[in-house]
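Remarks on the structure that follows.
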Amino acid sequence: MKPEWNQWAQEAKQQFPEANSSLLPLLYRIQHAEGWLSDETIRDVASLLGLTTQYVESVASFYSLFYRQKVGRNVVHVCVGLSCALAGSDSVMEHLEHKLGIREGQTTADGEYTLLEAECLAACDLAPVIQRNLRFVGHVDPENVGRVLSDDGKEVNS
Ligand code: FES
């Protein structure tokens, strides 16, 4: 456990006195510092807030923006929920895997991209949907999927 985490837990509890309410801000702050949430981190957070490890794990694994594995600088989620599946998310995933040279769940060797599945990203009217970090891209054309990997919309070659 990092020494500052205890202080962060106290600050979260002051803001949100209920332990399960202070959990999200504390997880967010720790992930922002560490880049992801390890099993050890989950146990430490549970101890800091007086929650069970299982409860903290259930929350951390529910939200797609909490990472339970080390990730690259860009995390690309491909929605595989029903609307996106019907709109061709499997083809989007295949093109991204080919483009990046990795499989779902992996990170490129240069640490630039991690490719993950997500359940419904709550933008079904835009299916198929990709989320790159905090940016949503809808109506993704699998043939031009490299464009969603860059900030300027230019094709990314990996
Ligand atoms: S199923 Fe993909 S956004 Fe809802």
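Going by the structure tokens order, chains are called A, B, ..., each with residues numbered from 1, while ligands are numbered from 1 in the order shown.
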
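Using only C-alpha atoms and all ligand atoms as the basis for the distance check, residues found within 6 Å of ligand 1 are A:Cys79, A:Val80, A:Gly81, A:Leu82, A:Ser83, A:Cys84, A:Cys120, A:Leu121, A:Ala122, A:Ala123, A:Cys124, A:Ala127, A:Val129.
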
Close residues, Ile30 of chain A itself excluded, 12 Å, only C-alpha atoms, min 5 positions apart in chain, as a list of chain:residue names: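 Listing them by chain and then by number gives A:Met1, A:Lys2, A:Pro3, A:Glu4, A:Trp5, A:Asn6, A:Gln7, A:Trp8, A:Ala9, A:Ala12, A:Leu23, A:Leu24, A:Pro25, A:Gly35, A:Trp36, A:Leu37, A:Ser38, A:Thr41, A:Ile42, A:Asp44, A:Val45, A:Ala60, A:Phe66, A:Tyr67.
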
Using C-alpha atoms, can you write the selected residues to a file as a compact mmCIF listing (two decimals), in the first residue's frame?
```txt
# COMPACT_ATOMS: atom_id res chain seq x y z
CA MET A 1 0.00 0.00 0.00
CA LYS A 2 1.33 3.42 -0.90
CA PRO A 3 1.66 5.77 2.09
CA GLU A 4 -0.58 8.42 0.54
CA TRP A 5 -3.51 6.03 0.07
CA ASN A 6 -4.51 6.30 3.72
CA GLN A 7 -4.72 10.07 3.37
CA TRP A 8 -6.72 9.70 0.16
CA ALA A 9 -9.11 7.31 1.91
CA ALA A 12 -12.80 10.38 0.34
CA LEU A 23 -15.20 3.73 -2.84
CA LEU A 24 -15.53 5.09 -6.39
CA PRO A 25 -13.54 8.30 -5.82
CA GLY A 35 -2.60 3.15 -14.08
CA TRP A 36 -4.64 0.10 -13.01
CA LEU A 37 -6.07 -1.76 -10.02
CA SER A 38 -4.18 -4.90 -9.00
CA THR A 41 -4.82 -2.76 -4.53
CA ILE A 42 -8.35 -4.17 -4.28
CA ASP A 44 -5.83 -2.56 0.32
CA VAL A 45 -8.82 -0.42 -0.65
CA ALA A 60 -14.07 -2.46 -9.81
CA PHE A 66 -11.60 0.62 -14.03
CA TYR A 67 -8.77 -1.56 -15.29
```

Backbone DSSP call of helix (DSSP H, G or I) for segment 83-147 of chain A, listed as JSON, numbers by chain: {"A": [83, 84, 85, 86, 89, 90, 91, 92, 93, 94, 95, 96, 97, 98, 99, 100, 124, 125, 126, 142, 143, 144, 145, 146, 147]}

Nearest to Glu104 of chain A among A:Pro17, A:Val75, A:Gly88, A:Leu149, with distances taken over only C-alpha atoms: which residue is it? A:Val75

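Counting from atom CA of Ser91 of chain A, the distance to atom CA of Asn144 of chain A is 11.5 Å.
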
A:Leu48, A:Ala19, A:Val71, A:Val92 ranked by distance to Gln31 of chain A, top pick (using only C-alpha atoms):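 Checking each candidate against Gln31 of chain A, we get A:Val71 as the closest.
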
If DSSP is run on the backbone, what residues of segment 10-158 of chain A are strand (DSSP E)? A reply as a list in words would be ideal.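 Residues meeting the strand (DSSP E) criterion: Asn74, Val75, Val76, His77, Val78, Cys79, Tyr113, Thr114, Leu115, Leu116, Glu117, Ala118, Ile130, Gln131, Arg132, Arg135, Phe136 and Val137 of chain A.
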
Those same residues, written as a short mmCIF file (atom, residue, chain, number, x, y, z; two decimals), in the first residue's frame with N, CA and C atoms?
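Result saved to again-v5.cif:
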```cif
data_model
loop_
_atom_site.label_atom_id
_atom_site.label_comp_id
_atom_site.auth_asym_id
_atom_site.auth_seq_id
_atom_site.Cartn_x
_atom_site.Cartn_y
_atom_site.Cartn_z
N ASN A 74 -3.59 4.23 -24.58
CA ASN A 74 -4.94 4.33 -25.15
C ASN A 74 -5.65 3.01 -24.92
N VAL A 75 -6.80 3.09 -24.28
CA VAL A 75 -7.62 1.89 -24.07
C VAL A 75 -8.80 1.97 -25.03
N VAL A 76 -8.88 0.99 -25.91
CA VAL A 76 -9.94 0.97 -26.91
C VAL A 76 -10.93 -0.12 -26.52
N HIS A 77 -12.15 0.30 -26.20
CA HIS A 77 -13.23 -0.64 -25.90
C HIS A 77 -14.10 -0.79 -27.14
N VAL A 78 -14.34 -2.00 -27.52
CA VAL A 78 -15.32 -2.28 -28.58
C VAL A 78 -16.56 -2.83 -27.91
N CYS A 79 -17.67 -2.14 -28.09
CA CYS A 79 -18.91 -2.60 -27.48
C CYS A 79 -19.39 -3.87 -28.18
N TYR A 113 -1.58 0.90 -27.20
CA TYR A 113 -3.00 0.55 -27.26
C TYR A 113 -3.29 -0.75 -26.51
N THR A 114 -4.41 -0.72 -25.80
CA THR A 114 -4.99 -1.94 -25.24
C THR A 114 -6.37 -2.10 -25.85
N LEU A 115 -6.69 -3.31 -26.25
CA LEU A 115 -7.96 -3.57 -26.92
C LEU A 115 -8.83 -4.44 -26.01
N LEU A 116 -10.02 -3.93 -25.68
CA LEU A 116 -10.89 -4.64 -24.76
C LEU A 116 -12.32 -4.68 -25.28
N GLU A 117 -13.07 -5.69 -24.86
CA GLU A 117 -14.51 -5.73 -25.10
C GLU A 117 -15.20 -4.93 -24.01
N ALA A 118 -16.36 -4.39 -24.34
CA ALA A 118 -17.21 -3.78 -23.32
C ALA A 118 -18.63 -4.23 -23.55
N ILE A 130 -17.37 2.39 -30.45
CA ILE A 130 -16.05 2.19 -29.86
C ILE A 130 -15.84 3.31 -28.86
N GLN A 131 -15.14 3.01 -27.77
CA GLN A 131 -14.72 4.06 -26.86
C GLN A 131 -13.20 4.01 -26.76
N ARG A 132 -12.54 5.11 -27.13
CA ARG A 132 -11.08 5.21 -26.96
C ARG A 132 -10.83 6.19 -25.84
N ARG A 135 -13.37 9.06 -25.22
CA ARG A 135 -14.02 9.51 -26.45
C ARG A 135 -14.85 8.39 -27.08
N PHE A 136 -16.11 8.70 -27.34
CA PHE A 136 -17.00 7.75 -28.01
C PHE A 136 -16.96 7.99 -29.51
N VAL A 137 -16.96 6.91 -30.26
CA VAL A 137 -17.10 7.01 -31.71
C VAL A 137 -18.21 6.04 -32.11
#
```

Please provide as a PyMOL selection string all residues within 9 Å of Arg43 of chain A, with the sequence filter that same-chain residues fewer than 5 positions apart are discarded (counting only C-alpha atoms). chain A and resi 38+48+52-54+56-57

Output C-alpha atoms for every residue in the selection just made, as a CSV table (one decimal), in the first residue's frame.
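Saved to out-v1.csv:
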```
chain,number,residue,atom,x,y,z
A,38,SER,CA,-4.2,-4.9,-9.0
A,48,LEU,CA,-8.9,1.2,4.1
A,52,THR,CA,-15.1,-6.7,1.9
A,53,THR,CA,-12.6,-7.5,-0.9
A,54,GLN,CA,-15.5,-9.2,-2.8
A,56,VAL,CA,-14.6,-3.8,-3.9
A,57,GLU,CA,-13.9,-6.4,-6.6
```

Report, in Å to a single decimal, how far apart atom CA of Asp39 of chain A and atom CA of Arg68 of chain A are.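 Computing the Euclidean distance for atom CA of Arg68 of chain A and atom CA of Asp39 of chain A yields 7.8 Å.
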
Enter the distance from atom CA of Gly101 of chain A to atom CA of Ser61 of chain A, in Å, rounded to one decimal.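 Going from atom CA of Gly101 of chain A over to atom CA of Ser61 of chain A covers 25.9 Å.
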